[in-house]
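data_24.cif follows; it contains mmCIF, C-alpha atoms.
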```cif
data_my_file
#
loop_
_atom_site.group_PDB
_atom_site.id
_atom_site.type_symbol
_atom_site.label_atom_id
_atom_site.label_comp_id
_atom_site.auth_asym_id
_atom_site.auth_seq_id
_atom_site.Cartn_x
_atom_site.Cartn_y
_atom_site.Cartn_z
ATOM 1 C CA MET A 197 7.850 -32.358 2.009
ATOM 2 C CA ASN A 198 7.494 -29.118 0.038
ATOM 3 C CA VAL A 199 4.636 -27.086 1.567
ATOM 4 C CA PRO A 200 3.756 -23.661 0.133
ATOM 5 C CA PHE A 201 4.511 -20.817 2.509
ATOM 6 C CA ASP A 202 1.828 -18.256 3.268
ATOM 7 C CA ARG A 203 3.601 -15.121 4.468
ATOM 8 C CA TYR A 204 0.314 -13.660 5.627
ATOM 9 C CA ILE A 205 -0.515 -16.407 8.115
ATOM 10 C CA SER A 206 0.553 -14.163 10.988
ATOM 11 C CA PHE A 207 -1.963 -11.540 9.815
ATOM 12 C CA LYS A 208 -4.911 -13.794 10.592
ATOM 13 C CA ASN A 209 -7.855 -11.626 11.677
ATOM 14 C CA ALA A 210 -5.851 -8.455 10.941
ATOM 15 C CA ASP A 211 -7.929 -7.685 7.804
ATOM 16 C CA TRP A 212 -4.809 -6.778 5.851
ATOM 17 C CA GLU A 213 -6.672 -7.044 2.554
ATOM 18 C CA GLY A 214 -9.475 -4.743 3.653
ATOM 19 C CA LYS A 215 -7.086 -2.222 5.171
ATOM 20 C CA SER A 216 -4.943 -2.239 2.030
ATOM 21 C CA GLN A 217 -8.007 -1.707 -0.161
ATOM 22 C CA ARG A 218 -9.215 1.195 1.981
ATOM 23 C CA VAL A 219 -5.816 2.908 1.871
ATOM 24 C CA MET A 220 -5.609 2.422 -1.890
ATOM 25 C CA ALA A 221 -9.126 3.845 -2.266
ATOM 26 C CA ARG A 222 -8.037 6.954 -0.359
ATOM 27 C CA LEU A 223 -4.865 7.227 -2.442
ATOM 28 C CA GLN A 224 -6.960 7.055 -5.619
ATOM 29 C CA GLY A 225 -8.201 10.567 -4.845
ATOM 30 C CA HIS A 226 -4.609 11.812 -4.926
ATOM 31 C CA ILE A 227 -3.909 9.851 -8.123
ATOM 32 C CA ASP A 228 -6.988 11.338 -9.797
ATOM 33 C CA ALA A 229 -6.090 14.875 -8.695
ATOM 34 C CA ALA A 230 -2.570 14.429 -10.141
ATOM 35 C CA ASP A 231 -1.291 17.269 -7.961
ATOM 36 C CA ASN A 232 2.109 15.588 -7.689
ATOM 37 C CA PRO A 233 4.027 13.736 -10.436
ATOM 38 C CA PHE A 234 4.601 10.843 -8.033
ATOM 39 C CA TRP A 235 0.953 9.779 -8.219
ATOM 40 C CA GLY A 236 1.075 8.927 -11.921
ATOM 41 C CA TYR A 237 4.272 6.970 -11.363
ATOM 42 C CA PHE A 238 2.772 5.184 -8.350
ATOM 43 C CA ALA A 239 -0.370 4.189 -10.279
ATOM 44 C CA LYS A 240 1.724 2.814 -13.134
ATOM 45 C CA LYS A 241 4.033 0.878 -10.795
ATOM 46 C CA ARG A 242 1.076 -0.506 -8.843
ATOM 47 C CA THR A 243 -0.374 -1.932 -12.048
ATOM 48 C CA GLU A 244 2.982 -3.350 -13.091
ATOM 49 C CA LEU A 245 3.673 -4.887 -9.694
ATOM 50 C CA ASN A 246 0.179 -6.365 -9.445
ATOM 51 C CA GLU A 247 0.022 -7.762 -12.970
ATOM 52 C CA LYS A 248 3.602 -8.631 -13.844
ATOM 53 C CA GLN A 249 5.025 -9.642 -10.485
ATOM 54 C CA GLY A 250 1.862 -10.762 -8.728
ATOM 55 C CA LEU A 251 2.352 -8.447 -5.766
ATOM 56 C CA ASP A 252 -0.722 -7.509 -3.758
ATOM 57 C CA ASP A 253 -1.495 -3.960 -2.632
ATOM 58 C CA LEU A 254 -0.033 -4.526 0.835
ATOM 59 C CA ARG A 255 3.332 -5.248 -0.750
ATOM 60 C CA VAL A 256 3.001 -2.290 -3.128
ATOM 61 C CA LEU A 257 2.247 0.033 -0.219
ATOM 62 C CA HIS A 258 5.178 -1.384 1.711
ATOM 63 C CA ASN A 259 7.515 -0.722 -1.238
ATOM 64 C CA TYR A 260 6.570 2.964 -1.301
ATOM 65 C CA LEU A 261 5.920 3.539 2.399
ATOM 66 C CA PRO A 262 8.471 6.323 3.074
ATOM 67 C CA THR A 263 7.468 8.282 -0.034
ATOM 68 C CA LEU A 264 3.757 7.852 0.653
ATOM 69 C CA ARG A 265 4.205 8.977 4.235
ATOM 70 C CA GLU A 266 6.143 12.082 3.177
ATOM 71 C CA ILE A 267 3.662 13.112 0.481
ATOM 72 C CA LEU A 268 0.641 12.534 2.713
ATOM 73 C CA GLU A 269 2.265 14.610 5.459
ATOM 74 C CA GLU A 270 3.016 17.411 2.989
ATOM 75 C CA SER A 271 -0.531 17.362 1.635
ATOM 76 C CA GLY A 272 -2.057 17.367 5.123
ATOM 77 C CA ASP A 273 -4.015 14.162 4.522
ATOM 78 C CA GLU A 274 -3.948 13.057 8.138
ATOM 79 C CA GLU A 275 -6.752 10.514 7.742
ATOM 80 C CA THR A 276 -5.019 8.529 5.003
ATOM 81 C CA LEU A 277 -1.705 8.861 6.824
ATOM 82 C CA ALA A 278 -3.284 7.389 9.973
ATOM 83 C CA MET A 279 -4.746 4.515 7.959
ATOM 84 C CA LEU A 280 -1.366 3.844 6.357
ATOM 85 C CA GLU A 281 0.379 3.917 9.739
ATOM 86 C CA ASP A 282 -2.179 1.503 11.190
ATOM 87 C CA LEU A 283 -1.575 -0.823 8.261
ATOM 88 C CA GLU A 284 2.158 -0.591 8.807
ATOM 89 C CA VAL A 285 1.925 -1.376 12.516
ATOM 90 C CA THR A 286 -0.558 -4.213 12.238
ATOM 91 C CA CYS A 287 0.411 -5.845 8.948
ATOM 92 C CA MET A 288 3.871 -4.941 7.676
#
```

Can you dump the structure from the file as structure tokens?
Amino acid sequence: MNVPFDRYISFKNADWEGKSQRVMARLQGHIDAADNPFWGYFAKKRTELNEKQGLDDLRVLHNYLPTLREILEESGDEETLAMLEDLEVTCM
């Protein structure tokens, strides 16, 4: 029997969607400020990955985790960095 696989089943009650949305909302401030060329690239890739490949924001964040971590550290955005790290530990 062919049963669809839900890779997020182990995240039950982890609020991975809400956490991903909150991190993306915080990152939007960086995207809007455009203080680093990465942010424009990230916004474009997020749209492409969401629309063309059907990837959700958790997967997009996971794809860019090391770069996001580095840029957030450099910018001193400790709050968003902590949210991203919590997402990584609980849901990635």

Hey, what comes out of the PyMOL selection byres ((chain A and resi 263) around 12) on this file? Could you write it as a ChimeraX atom specification? /A:232,234-235,237-238,256-262,264-270,277,280

Let's have the selection written as a PDB file, keeping the file's coordinate frame, with C-alpha atoms.
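Written out: part-v8.pdb:
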```pdb
ATOM      1  CA  ASN A 232       2.109  15.588  -7.689  1.00  0.00           C
ATOM      2  CA  PHE A 234       4.601  10.843  -8.033  1.00  0.00           C
ATOM      3  CA  TRP A 235       0.953   9.779  -8.219  1.00  0.00           C
ATOM      4  CA  TYR A 237       4.272   6.970 -11.363  1.00  0.00           C
ATOM      5  CA  PHE A 238       2.772   5.184  -8.350  1.00  0.00           C
ATOM      6  CA  VAL A 256       3.001  -2.290  -3.128  1.00  0.00           C
ATOM      7  CA  LEU A 257       2.247   0.033  -0.219  1.00  0.00           C
ATOM      8  CA  HIS A 258       5.178  -1.384   1.711  1.00  0.00           C
ATOM      9  CA  ASN A 259       7.515  -0.722  -1.238  1.00  0.00           C
ATOM     10  CA  TYR A 260       6.570   2.964  -1.301  1.00  0.00           C
ATOM     11  CA  LEU A 261       5.920   3.539   2.399  1.00  0.00           C
ATOM     12  CA  PRO A 262       8.471   6.323   3.074  1.00  0.00           C
ATOM     13  CA  LEU A 264       3.757   7.852   0.653  1.00  0.00           C
ATOM     14  CA  ARG A 265       4.205   8.977   4.235  1.00  0.00           C
ATOM     15  CA  GLU A 266       6.143  12.082   3.177  1.00  0.00           C
ATOM     16  CA  ILE A 267       3.662  13.112   0.481  1.00  0.00           C
ATOM     17  CA  LEU A 268       0.641  12.534   2.713  1.00  0.00           C
ATOM     18  CA  GLU A 269       2.265  14.610   5.459  1.00  0.00           C
ATOM     19  CA  GLU A 270       3.016  17.411   2.989  1.00  0.00           C
ATOM     20  CA  LEU A 277      -1.705   8.861   6.824  1.00  0.00           C
ATOM     21  CA  LEU A 280      -1.366   3.844   6.357  1.00  0.00           C
TER      22      LEU A 280
END
```

* To do: Apply the PyMOL selection byres ((chain A and resi 222) around 12) to the file shown and report the selected residues as a PyMOL selection string.
  => chain A and resi 215-221+223-229+264+268+273-280

Which residue out of A:Leu283, A:Trp212, A:Phe207, A:Arg255 has the minimum interatomic distance to Lys241 (chain A) when only C-alpha atoms are used?
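Answer, going by the shortest atom-to-atom distance: A:Arg255.
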
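Note that the spacing between CA of Glu247 (chain A) and CA of Glu284 (chain A) amounts to 23.0 Å.
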
* What does the distance from CA of Ala230 (chain A) to CA of Gly250 (chain A) come to in Å, to one decimal? ->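 Going from CA of Ala230 (chain A) over to CA of Gly250 (chain A) covers 25.6 Å.
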
Atom pair CA of Leu251 (chain A) + CA of Asp231 (chain A), distance 26.1 Å

Using all atoms listed in the file, which of the listed residues (A:Ser271, A:Thr286, A:Gln249, A:Thr243) sits closest to Ala210 (chain A)?
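Closest candidate: A:Thr286.
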
Please export region 214-230 of chain A as a PDB file, in the first residue's frame, restricted to N, CA and C atoms.
```pdb
ATOM      1  N   GLY A 214       4.364  28.053  12.932  1.00  0.00           N
ATOM      2  CA  GLY A 214       4.355  29.342  13.622  1.00  0.00           C
ATOM      3  C   GLY A 214       5.746  29.876  13.859  1.00  0.00           C
ATOM      4  N   LYS A 215       6.652  29.005  14.285  1.00  0.00           N
ATOM      5  CA  LYS A 215       8.036  29.424  14.523  1.00  0.00           C
ATOM      6  C   LYS A 215       8.694  29.879  13.220  1.00  0.00           C
ATOM      7  N   SER A 216       8.448  29.143  12.148  1.00  0.00           N
ATOM      8  CA  SER A 216       9.016  29.526  10.850  1.00  0.00           C
ATOM      9  C   SER A 216       8.486  30.878  10.404  1.00  0.00           C
ATOM     10  N   GLN A 217       7.189  31.096  10.581  1.00  0.00           N
ATOM     11  CA  GLN A 217       6.584  32.377  10.197  1.00  0.00           C
ATOM     12  C   GLN A 217       7.159  33.523  11.013  1.00  0.00           C
ATOM     13  N   ARG A 218       7.355  33.303  12.307  1.00  0.00           N
ATOM     14  CA  ARG A 218       7.902  34.374  13.155  1.00  0.00           C
ATOM     15  C   ARG A 218       9.346  34.707  12.781  1.00  0.00           C
ATOM     16  N   VAL A 219      10.142  33.696  12.468  1.00  0.00           N
ATOM     17  CA  VAL A 219      11.519  33.954  12.038  1.00  0.00           C
ATOM     18  C   VAL A 219      11.509  34.708  10.711  1.00  0.00           C
ATOM     19  N   MET A 220      10.684  34.260   9.776  1.00  0.00           N
ATOM     20  CA  MET A 220      10.615  34.947   8.485  1.00  0.00           C
ATOM     21  C   MET A 220      10.144  36.395   8.652  1.00  0.00           C
ATOM     22  N   ALA A 221       9.226  36.634   9.563  1.00  0.00           N
ATOM     23  CA  ALA A 221       8.760  38.001   9.812  1.00  0.00           C
ATOM     24  C   ALA A 221       9.905  38.866  10.322  1.00  0.00           C
ATOM     25  N   ARG A 222      10.736  38.308  11.180  1.00  0.00           N
ATOM     26  CA  ARG A 222      11.900  39.054  11.689  1.00  0.00           C
ATOM     27  C   ARG A 222      12.915  39.288  10.573  1.00  0.00           C
ATOM     28  N   LEU A 223      13.102  38.283   9.716  1.00  0.00           N
ATOM     29  CA  LEU A 223      14.052  38.429   8.615  1.00  0.00           C
ATOM     30  C   LEU A 223      13.572  39.454   7.599  1.00  0.00           C
ATOM     31  N   GLN A 224      12.264  39.651   7.498  1.00  0.00           N
ATOM     32  CA  GLN A 224      11.718  40.627   6.558  1.00  0.00           C
ATOM     33  C   GLN A 224      12.264  42.023   6.834  1.00  0.00           C
ATOM     34  N   GLY A 225      12.512  42.345   8.083  1.00  0.00           N
ATOM     35  CA  GLY A 225      13.115  43.638   8.416  1.00  0.00           C
ATOM     36  C   GLY A 225      14.495  43.795   7.798  1.00  0.00           C
ATOM     37  N   HIS A 226      15.271  42.725   7.797  1.00  0.00           N
ATOM     38  CA  HIS A 226      16.592  42.752   7.161  1.00  0.00           C
ATOM     39  C   HIS A 226      16.451  42.855   5.642  1.00  0.00           C
ATOM     40  N   ILE A 227      15.495  42.113   5.088  1.00  0.00           N
ATOM     41  CA  ILE A 227      15.261  42.147   3.636  1.00  0.00           C
ATOM     42  C   ILE A 227      14.877  43.553   3.209  1.00  0.00           C
ATOM     43  N   ASP A 228      13.974  44.181   3.965  1.00  0.00           N
ATOM     44  CA  ASP A 228      13.515  45.530   3.637  1.00  0.00           C
ATOM     45  C   ASP A 228      14.636  46.561   3.763  1.00  0.00           C
ATOM     46  N   ALA A 229      15.511  46.386   4.752  1.00  0.00           N
ATOM     47  CA  ALA A 229      16.614  47.322   4.949  1.00  0.00           C
ATOM     48  C   ALA A 229      17.670  47.185   3.850  1.00  0.00           C
ATOM     49  N   ALA A 230      17.761  45.991   3.263  1.00  0.00           N
ATOM     50  CA  ALA A 230      18.712  45.720   2.171  1.00  0.00           C
ATOM     51  C   ALA A 230      20.126  46.181   2.511  1.00  0.00           C
TER      52      ALA A 230
END
```
